[in-house]
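Undergrad: File work.csv follows (CSV, C-alpha atoms and all ligand atoms):
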```csv
chain,number,residue,atom,x,y,z
H,1,MET,CA,3.6,-171.7,23.5
H,2,ILE,CA,0.9,-172.7,21.1
H,3,ASP,CA,-2.4,-174.3,22.3
H,4,LEU,CA,-3.8,-176.8,19.8
H,5,HIS,CA,-7.5,-177.2,20.4
H,6,GLY,CA,-7.7,-180.4,18.6
H,7,VAL,CA,-9.5,-183.6,17.7
H,8,SER,CA,-8.4,-187.0,16.3
H,9,THR,CA,-9.8,-186.4,12.8
H,10,PRO,CA,-8.1,-185.7,9.5
H,11,ASN,CA,-8.4,-181.9,10.0
H,12,GLY,CA,-6.9,-182.2,13.5
H,13,HIS,CA,-4.1,-184.4,12.4
H,14,LYS,CA,-2.9,-181.9,9.8
H,15,ILE,CA,-2.0,-179.6,12.6
H,16,SER,CA,-0.5,-182.1,15.0
H,17,ILE,CA,1.6,-183.4,12.1
H,18,MET,CA,2.9,-179.8,11.4
H,19,LEU,CA,3.6,-179.2,15.1
H,20,ALA,CA,5.5,-182.4,15.3
H,21,GLU,CA,7.4,-181.6,12.0
H,22,THR,CA,8.4,-178.1,13.2
H,23,GLY,CA,9.0,-178.9,16.9
H,24,LEU,CA,7.2,-175.6,17.8
H,25,PRO,CA,6.4,-175.8,21.6
H,26,HIS,CA,2.8,-176.7,22.0
H,27,ARG,CA,0.2,-178.4,24.2
H,28,HIS,CA,-2.7,-180.4,22.9
H,29,ILE,CA,-6.1,-179.7,24.3
H,30,ARG,CA,-8.3,-182.5,23.2
H,31,TYR,CA,-12.1,-182.1,22.6
H,32,ASN,CA,-14.8,-184.7,22.6
H,33,LEU,CA,-17.0,-183.8,19.6
H,34,LEU,CA,-19.8,-186.2,20.5
H,35,GLU,CA,-20.1,-184.5,23.9
H,36,GLY,CA,-20.4,-181.1,22.1
H,37,GLU,CA,-17.4,-179.6,23.9
H,38,HIS,CA,-16.7,-177.4,20.8
H,39,LEU,CA,-20.2,-175.9,21.0
H,40,LYS,CA,-19.7,-174.3,24.4
H,41,PRO,CA,-20.0,-170.5,24.4
H,42,GLY,CA,-16.5,-170.0,25.8
H,43,PHE,CA,-15.0,-171.6,22.7
H,44,ARG,CA,-16.4,-168.9,20.4
H,45,ALA,CA,-13.6,-166.5,21.3
H,46,ILE,CA,-11.2,-169.0,19.8
H,47,ASN,CA,-13.3,-170.1,16.9
H,48,PRO,CA,-16.6,-168.3,16.1
H,49,ASN,CA,-17.3,-171.2,13.6
H,50,HIS,CA,-17.4,-173.7,16.5
H,51,ARG,CA,-15.2,-176.3,14.7
H,52,LEU,CA,-11.9,-177.9,15.3
H,53,PRO,CA,-9.0,-177.6,15.0
H,54,ALA,CA,-8.1,-174.1,16.2
H,55,ILE,CA,-4.9,-172.7,17.8
H,56,VAL,CA,-4.0,-170.0,20.2
H,57,ASP,CA,-0.4,-168.8,19.9
H,58,HIS,CA,0.7,-167.1,23.1
H,59,ASP,CA,3.8,-165.8,21.5
H,60,PRO,CA,2.5,-164.8,18.1
H,61,VAL,CA,4.3,-163.7,15.0
H,62,GLY,CA,4.5,-159.9,15.1
H,63,GLY,CA,4.1,-159.9,18.9
H,64,GLY,CA,1.2,-158.5,20.9
H,65,GLU,CA,-1.8,-160.3,22.4
H,66,PRO,CA,-2.3,-164.1,22.0
H,67,LEU,CA,-3.5,-164.9,18.5
H,68,ALA,CA,-6.4,-167.3,18.0
H,69,LEU,CA,-6.8,-168.9,14.5
H,70,PHE,CA,-9.2,-171.3,13.0
H,71,GLU,CA,-9.4,-173.2,9.6
H,72,SER,CA,-6.8,-175.8,9.3
H,73,GLY,CA,-5.4,-174.4,6.0
H,74,ALA,CA,-4.9,-170.9,7.5
H,75,ILE,CA,-3.3,-172.5,10.6
H,76,LEU,CA,-0.9,-174.5,8.4
H,77,ILE,CA,0.2,-171.3,6.5
H,78,TYR,CA,0.6,-169.5,9.8
H,79,LEU,CA,2.8,-172.2,11.3
H,80,ALA,CA,4.8,-172.4,8.1
H,81,ASP,CA,5.4,-168.6,8.3
H,82,LYS,CA,6.3,-168.8,12.0
H,83,SER,CA,8.7,-171.7,11.6
H,84,GLY,CA,10.1,-170.7,8.2
H,85,ARG,CA,9.5,-174.3,7.1
H,86,PHE,CA,7.4,-176.4,4.8
H,87,LEU,CA,6.4,-173.7,2.4
H,88,PRO,CA,8.9,-173.6,-0.5
H,89,ALA,CA,11.1,-170.4,-0.7
H,90,SER,CA,10.7,-170.0,-4.5
H,91,PRO,CA,7.5,-168.0,-5.3
H,92,ARG,CA,6.5,-170.5,-8.0
H,93,LEU,CA,6.6,-173.5,-5.7
H,94,ARG,CA,5.2,-171.6,-2.7
H,95,HIS,CA,2.0,-170.8,-4.7
H,96,THR,CA,1.9,-174.3,-6.0
H,97,ALA,CA,1.9,-175.5,-2.4
H,98,ILE,CA,-0.9,-173.1,-1.5
H,99,GLN,CA,-2.9,-174.1,-4.6
H,100,TRP,CA,-2.8,-177.8,-3.5
H,101,LEU,CA,-3.6,-176.8,0.1
H,102,MET,CA,-6.7,-174.9,-1.2
H,103,TRP,CA,-7.6,-177.9,-3.3
H,104,GLN,CA,-7.6,-180.0,-0.2
H,105,MET,CA,-9.6,-177.5,1.8
H,106,SER,CA,-12.3,-176.9,-0.8
H,107,GLY,CA,-12.3,-180.3,-2.5
H,108,LEU,CA,-10.7,-183.4,-1.0
H,109,GLY,CA,-11.8,-182.6,2.6
H,110,PRO,CA,-15.4,-181.4,2.1
H,111,GLN,CA,-16.3,-183.8,-0.7
H,112,HIS,CA,-14.9,-186.9,1.0
H,113,GLY,CA,-16.6,-185.6,4.1
H,114,GLN,CA,-20.0,-185.6,2.3
H,115,ALA,CA,-19.4,-189.1,1.0
H,116,HIS,CA,-18.6,-190.1,4.6
H,117,HIS,CA,-21.7,-188.4,5.9
H,118,PHE,CA,-24.1,-190.2,3.5
H,119,LEU,CA,-22.4,-193.6,3.9
H,120,ARG,CA,-21.8,-193.7,7.6
H,121,TYR,CA,-24.2,-191.3,9.4
H,122,CYS,CA,-27.3,-190.9,7.2
H,123,PRO,CA,-30.0,-193.3,8.6
H,124,GLU,CA,-31.5,-194.0,5.1
H,125,PRO,CA,-28.9,-192.8,2.6
H,126,PRO,CA,-30.4,-191.6,-0.7
H,127,GLU,CA,-28.9,-193.5,-3.6
H,128,TYR,CA,-28.4,-190.2,-5.5
H,129,ALA,CA,-26.3,-188.6,-2.7
H,130,VAL,CA,-24.2,-191.8,-2.2
H,131,GLU,CA,-23.5,-192.0,-5.9
H,132,ARG,CA,-22.9,-188.3,-6.4
H,133,TYR,CA,-20.4,-187.9,-3.6
H,134,GLY,CA,-18.9,-191.4,-4.3
H,135,ARG,CA,-18.1,-190.4,-7.9
H,136,GLU,CA,-16.7,-187.0,-6.8
H,137,ALA,CA,-14.5,-188.7,-4.2
H,138,ARG,CA,-13.1,-191.0,-6.8
H,139,ARG,CA,-12.6,-188.1,-9.3
H,140,LEU,CA,-10.6,-186.2,-6.8
H,141,PHE,CA,-8.3,-189.2,-6.2
H,142,ASP,CA,-7.8,-189.5,-10.0
H,143,VAL,CA,-6.7,-185.8,-10.0
H,144,LEU,CA,-4.3,-186.4,-7.0
H,145,ASP,CA,-3.0,-189.6,-8.6
H,146,ARG,CA,-2.1,-187.8,-11.8
H,147,ARG,CA,-0.3,-185.0,-10.0
H,148,LEU,CA,1.7,-187.5,-7.9
H,149,SER,CA,2.6,-189.5,-11.0
H,150,GLU,CA,4.6,-186.4,-12.1
H,151,VAL,CA,6.1,-185.2,-8.8
H,152,GLU,CA,7.4,-186.8,-5.6
H,153,PHE,CA,5.4,-184.3,-3.4
H,154,LEU,CA,2.6,-182.0,-4.3
H,155,ALA,CA,4.7,-178.9,-4.6
H,156,GLU,CA,7.8,-180.9,-5.6
H,157,GLU,CA,9.3,-180.6,-2.1
H,158,TYR,CA,7.5,-181.8,1.0
H,159,SER,CA,5.2,-179.1,2.3
H,160,ILE,CA,2.0,-178.3,4.2
H,161,ALA,CA,0.1,-179.3,1.1
H,162,ASP,CA,1.2,-182.9,1.7
H,163,MET,CA,0.4,-182.6,5.4
H,164,ALA,CA,-3.1,-181.4,4.5
H,165,CYS,CA,-3.9,-184.2,2.1
H,166,TRP,CA,-2.2,-187.2,3.8
H,167,PRO,CA,-4.7,-187.6,6.7
H,168,TRP,CA,-7.6,-187.4,4.2
H,169,VAL,CA,-6.0,-190.1,2.1
H,170,ARG,CA,-5.6,-192.3,5.1
H,171,ALA,CA,-9.3,-191.7,6.0
H,172,ALA,CA,-10.5,-192.8,2.5
H,173,ARG,CA,-10.9,-196.4,3.6
H,174,ALA,CA,-13.9,-195.2,5.6
H,175,ILE,CA,-15.7,-194.3,2.4
H,176,ASP,CA,-14.7,-197.7,0.8
H,177,LEU,CA,-11.8,-196.3,-1.3
H,178,ASP,CA,-8.8,-198.6,-1.5
H,179,ILE,CA,-5.7,-196.5,-2.4
H,180,ALA,CA,-4.2,-199.6,-4.0
H,181,GLU,CA,-6.3,-198.5,-7.0
H,182,TRP,CA,-4.2,-195.3,-7.3
H,183,PRO,CA,-0.6,-196.4,-7.4
H,184,SER,CA,1.0,-192.9,-7.3
H,185,ILE,CA,-1.2,-192.0,-4.3
H,186,GLN,CA,-0.2,-195.2,-2.6
H,187,ALA,CA,3.6,-194.6,-3.2
H,188,TRP,CA,3.3,-191.0,-1.9
H,189,TYR,CA,1.2,-192.2,1.0
H,190,ARG,CA,3.9,-194.6,2.1
H,191,ARG,CA,6.7,-192.0,1.5
H,192,VAL,CA,5.0,-189.4,3.7
H,193,GLY,CA,3.8,-191.9,6.2
H,194,GLU,CA,7.4,-193.0,6.9
H,195,ARG,CA,8.2,-189.6,8.4
H,196,ARG,CA,8.5,-189.8,12.2
H,197,ALA,CA,6.6,-186.6,12.7
H,198,VAL,CA,3.7,-187.9,10.5
H,199,ARG,CA,3.5,-191.1,12.6
H,200,GLU,CA,3.6,-189.1,15.8
H,201,GLY,CA,1.2,-186.4,14.7
H,202,ALA,CA,-1.4,-188.7,13.2
H,203,ALA,CA,-1.5,-191.3,16.0
H,204,VAL,CA,-5.1,-192.1,16.7
H,205,PRO,CA,-6.1,-192.7,20.3
H,206,GLU,CA,-7.7,-196.2,20.6
H,207,ASN,CA,-10.9,-194.8,22.1
H,208,ASP,CA,-11.3,-192.1,19.4
H,209,PRO,CA,-15.0,-192.3,18.2
H,210,ALA,CA,-14.0,-190.8,14.8
H,211,ALA,CA,-11.7,-193.8,14.1
H,212,GLY,CA,-14.6,-196.2,13.7
H,213,ARG,CA,-16.1,-196.9,10.4
H,214,HIS,CA,-19.8,-197.2,11.4
H,215,MET,CA,-21.1,-194.3,13.4
H,216,ARG,CA,-24.1,-195.2,15.6
H,217,LEU,CA,-25.1,-191.9,17.2
H,218,ASN,CA,-27.6,-191.6,20.0
H,219,PRO,CA,-30.1,-188.7,19.5
H,220,ASP,CA,-28.1,-186.3,21.6
H,221,GLN,CA,-24.9,-186.9,19.7
H,222,TRP,CA,-26.8,-186.6,16.4
H,223,SER,CA,-28.2,-183.2,17.6
H,224,VAL,CA,-24.6,-182.0,18.5
H,225,LEU,CA,-23.2,-182.9,15.1
H,226,PHE,CA,-26.2,-182.2,12.8
H,227,GLY,CA,-29.2,-181.0,14.7
H,228,ASP,CA,-30.6,-178.4,17.1
H,229,ARG,CA,-27.6,-178.4,19.5
H,230,MET,CA,-25.4,-177.5,16.6
H,231,LEU,CA,-27.7,-174.7,15.5
H,232,ALA,CA,-28.2,-173.4,19.0
H,233,ALA,CA,-24.5,-172.9,19.5
H,234,ALA,CA,-24.3,-170.6,16.4
H,235,ARG,CA,-27.4,-168.6,17.5
H,236,SER,CA,-26.8,-168.3,21.2
I,301,LIG,N1,-12.7,-176.3,7.1
I,301,LIG,C1,-12.5,-176.6,8.5
I,301,LIG,C2,-13.3,-177.8,8.9
I,301,LIG,C3,-13.4,-178.0,10.4
I,301,LIG,C4,-14.3,-179.1,10.7
I,301,LIG,O1,-15.4,-179.3,10.2
I,301,LIG,N2,-13.9,-179.9,11.8
I,301,LIG,C5,-14.7,-181.0,12.2
I,301,LIG,C6,-13.7,-182.0,12.8
I,301,LIG,S1,-12.7,-182.6,11.5
I,301,LIG,C7,-15.6,-180.5,13.4
I,301,LIG,O2,-15.2,-179.6,14.1
I,301,LIG,N3,-16.7,-181.1,13.5
I,301,LIG,C8,-17.6,-180.8,14.5
I,301,LIG,C9,-19.0,-180.7,14.1
I,301,LIG,O3,-19.3,-180.8,12.9
I,301,LIG,O4,-19.8,-180.4,15.0
I,301,LIG,C10,-11.0,-176.8,8.8
I,301,LIG,O5,-10.3,-177.3,7.9
I,301,LIG,O6,-10.5,-176.5,9.9
```
I'd like the structure from this file rewritten - as structure tokens, please.
Ligand SMILES: N[C@@H](CCC(=O)N[C@@H](CS)C(=O)NCC(=O)O)C(=O)O

TA:
Amino acid sequence: MIDLHGVSTPNGHKISIMLAETGLPHRHIRYNLLEGEHLKPGFRAINPNHRLPAIVDHDPVGGGEPLALFESGAILIYLADKSGRFLPASPRLRHTAIQWLMWQMSGLGPQHGQAHHFLRYCPEPPEYAVERYGREARRLFDVLDRRLSEVEFLAEEYSIADMACWPWVRAARAIDLDIAEWPSIQAWYRRVGERRAVREGAAVPENDPAAGRHMRLNPDQWSVLFGDRMLAAARS
């Protein structure tokens, strides 16, 4: 049994999609970020970085004590190893899949995340930051679109690289990007989105605060995400 410590955000959806795809037995433990549930000291044993998602596998690969893992890319690779699915068997394509997964983890996710921060959270967004991250967000979509004009899926066959990117492409409307501008991304987005496991894994609860476009945080919520409460969790 795998515990998914999760949240309804793009990073959380990567893992719920993979669990739905593989059918690995799991239960979903949902966190409320705005309440700071991920900052509680007890969560550190699962993720010392105090972020979501994380998993605890009570029947881990290789046996032994339950295994706790954080970083959604590492979790996807682990679940691919455990299930023997969604990482191509051929070394060339396996490394291609890992390459695009790393691109998502280091580029698409963080850069679109910064664009989102300055557009949606920053009280008085500096024009420089909005433009810098806006341009980078568009550049990354240009890169993705070019790749998807050459192949049906990022590593030629459907893999964890597609599962990692898809929720971030879906979230791009929140930074005012319309995927209709990138036809190959749009076609791939529909192709992947038609999968039952993707629909199931990426279902957003109606009351999910992260699903809204405009984030109006009260001072305590701001402190949890960006201020003293966030820092205190790492220092305590
Ligand atoms: N690189 C990490 C990013 C994790 C991350 O930043 N998760 C967000 C939710 S998508 C989070 O926990 N935010 C809480 C916070 O910033 O306090 C991953 O891919 O797992």

Undergrad: Hey, what's within 7 Å of range 41-46 of chain H if we count all atoms listed in the file and toss same-chain stuff fewer than 4 positions away? As a list in words, please?

TA: His50, Ala54, Ala68 and Leu69 of chain H

Undergrad: Which polymer residues have any atom within 10 Å of an atom of range 12-27 of chain H, counting all atoms listed in the file, with same-chain residues fewer than 5 positions away left out, as a short mmCIF file (atom, residue, chain, number, x, y, z; two decimals) with C-alpha atoms, in the coordinates of the input?

TA:
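And here is the file that came out, out_0.cif:
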```cif
data_model
loop_
_atom_site.label_atom_id
_atom_site.label_comp_id
_atom_site.auth_asym_id
_atom_site.auth_seq_id
_atom_site.Cartn_x
_atom_site.Cartn_y
_atom_site.Cartn_z
CA MET H 1 3.60 -171.70 23.50
CA ILE H 2 0.90 -172.70 21.10
CA ASP H 3 -2.40 -174.30 22.30
CA LEU H 4 -3.80 -176.80 19.80
CA HIS H 5 -7.50 -177.20 20.40
CA GLY H 6 -7.70 -180.40 18.60
CA VAL H 7 -9.50 -183.60 17.70
CA LEU H 52 -11.90 -177.90 15.30
CA PRO H 53 -9.00 -177.60 15.00
CA ALA H 54 -8.10 -174.10 16.20
CA ILE H 55 -4.90 -172.70 17.80
CA VAL H 56 -4.00 -170.00 20.20
CA ASP H 57 -0.40 -168.80 19.90
CA HIS H 58 0.70 -167.10 23.10
CA SER H 72 -6.80 -175.80 9.30
CA GLY H 73 -5.40 -174.40 6.00
CA ILE H 75 -3.30 -172.50 10.60
CA LEU H 76 -0.90 -174.50 8.40
CA LEU H 79 2.80 -172.20 11.30
CA ALA H 80 4.80 -172.40 8.10
CA LYS H 82 6.30 -168.80 12.00
CA SER H 83 8.70 -171.70 11.60
CA GLY H 84 10.10 -170.70 8.20
CA ARG H 85 9.50 -174.30 7.10
CA PHE H 86 7.40 -176.40 4.80
CA SER H 159 5.20 -179.10 2.30
CA ILE H 160 2.00 -178.30 4.20
CA ALA H 161 0.10 -179.30 1.10
CA ASP H 162 1.20 -182.90 1.70
CA MET H 163 0.40 -182.60 5.40
CA ALA H 164 -3.10 -181.40 4.50
CA CYS H 165 -3.90 -184.20 2.10
CA TRP H 166 -2.20 -187.20 3.80
CA PRO H 167 -4.70 -187.60 6.70
CA TRP H 168 -7.60 -187.40 4.20
CA ARG H 195 8.20 -189.60 8.40
CA ARG H 196 8.50 -189.80 12.20
CA ALA H 197 6.60 -186.60 12.70
CA VAL H 198 3.70 -187.90 10.50
CA ARG H 199 3.50 -191.10 12.60
CA GLU H 200 3.60 -189.10 15.80
CA GLY H 201 1.20 -186.40 14.70
CA ALA H 202 -1.40 -188.70 13.20
CA ALA H 203 -1.50 -191.30 16.00
CA VAL H 204 -5.10 -192.10 16.70
#
```

Undergrad: Figure out the distance between CA of Gly113 in chain H and CA of Leu177 in chain H, please, to one decimal in Å.

TA: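 CA of Gly113 in chain H lies at a distance of 12.9 Å from CA of Leu177 in chain H.
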
Undergrad: Please determine, counting only C-alpha atoms and all ligand atoms, which residue among H:Ala137, H:Ile77, H:Met105, H:Val192 has the shortest atom-to-atom distance to ligand LIG 301 (chain I).

TA: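 The shortest atom-to-atom distance to ligand LIG 301 (chain I) comes from H:Met105.
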
Undergrad: Quick check, in Å to one decimal: how far apart do atom C5 of ligand LIG 301 (chain I) and CA of Leu34 in chain H lie?

TA: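 Distance reported for this atom pair: 11.0 Å.
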
Undergrad: Within 12 Å of Trp182 in chain H, counting all atoms listed in the file, which residues show up once you throw out same-chain ones fewer than 3 positions away? Write them as a list of chain:residue names, please.

TA: H:Arg138, H:Arg139, H:Leu140, H:Phe141, H:Asp142, H:Val143, H:Leu144, H:Asp145, H:Arg146, H:Arg147, H:Leu148, H:Ser149, H:Val169, H:Ala172, H:Leu177, H:Asp178, H:Ile179, H:Ile185, H:Gln186, H:Ala187, H:Trp188, H:Tyr189

Undergrad: May I have the residues within 8 Å of Gly36 in chain H as a PyMOL selection string, using all atoms listed in the file and disregarding those fewer than 6 positions away in the same chain?

TA: chain H and resi 221+224-225

Undergrad: In Å, with one decimal, what is the gap from CA of Phe226 in chain H to CA of Gln104 in chain H?

TA: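 Going from CA of Phe226 in chain H over to CA of Gln104 in chain H, I get 22.8 Å.
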
Undergrad: Rank nothing, just name the residue among H:Gln114, H:Thr96, H:Asn218, H:Ser90 nearest to ligand LIG 301 (chain I), using all atoms listed in the file.

TA: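 Nearest to ligand LIG 301 (chain I): H:Gln114.
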
Undergrad: Quick one: of H:Asn32, H:Ser106, H:Ser223, H:Gln99, who's nearest to Glu71 in chain H, counting only C-alpha atoms?

TA: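 The shortest atom-to-atom distance to Glu71 in chain H comes from H:Ser106.
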
Undergrad: For ligand LIG 301 (chain I), which residue out of H:Glu150, H:Gln111, H:Gly64, H:Arg191 is the nearest one, using all atoms listed in the file?

TA: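 Under the stated criterion, the closest residue is H:Gln111.
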
Undergrad: Could you check the closest approach to ligand LIG 301 (chain I) for each of H:Pro88, H:Pro48, H:Gly193, H:Gly134 and tell me which residue wins, using all atoms listed in the file?

TA: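 Of H:Pro88, H:Pro48, H:Gly193, H:Gly134, the one nearest ligand LIG 301 (chain I), counting all atoms listed in the file, is H:Pro48.
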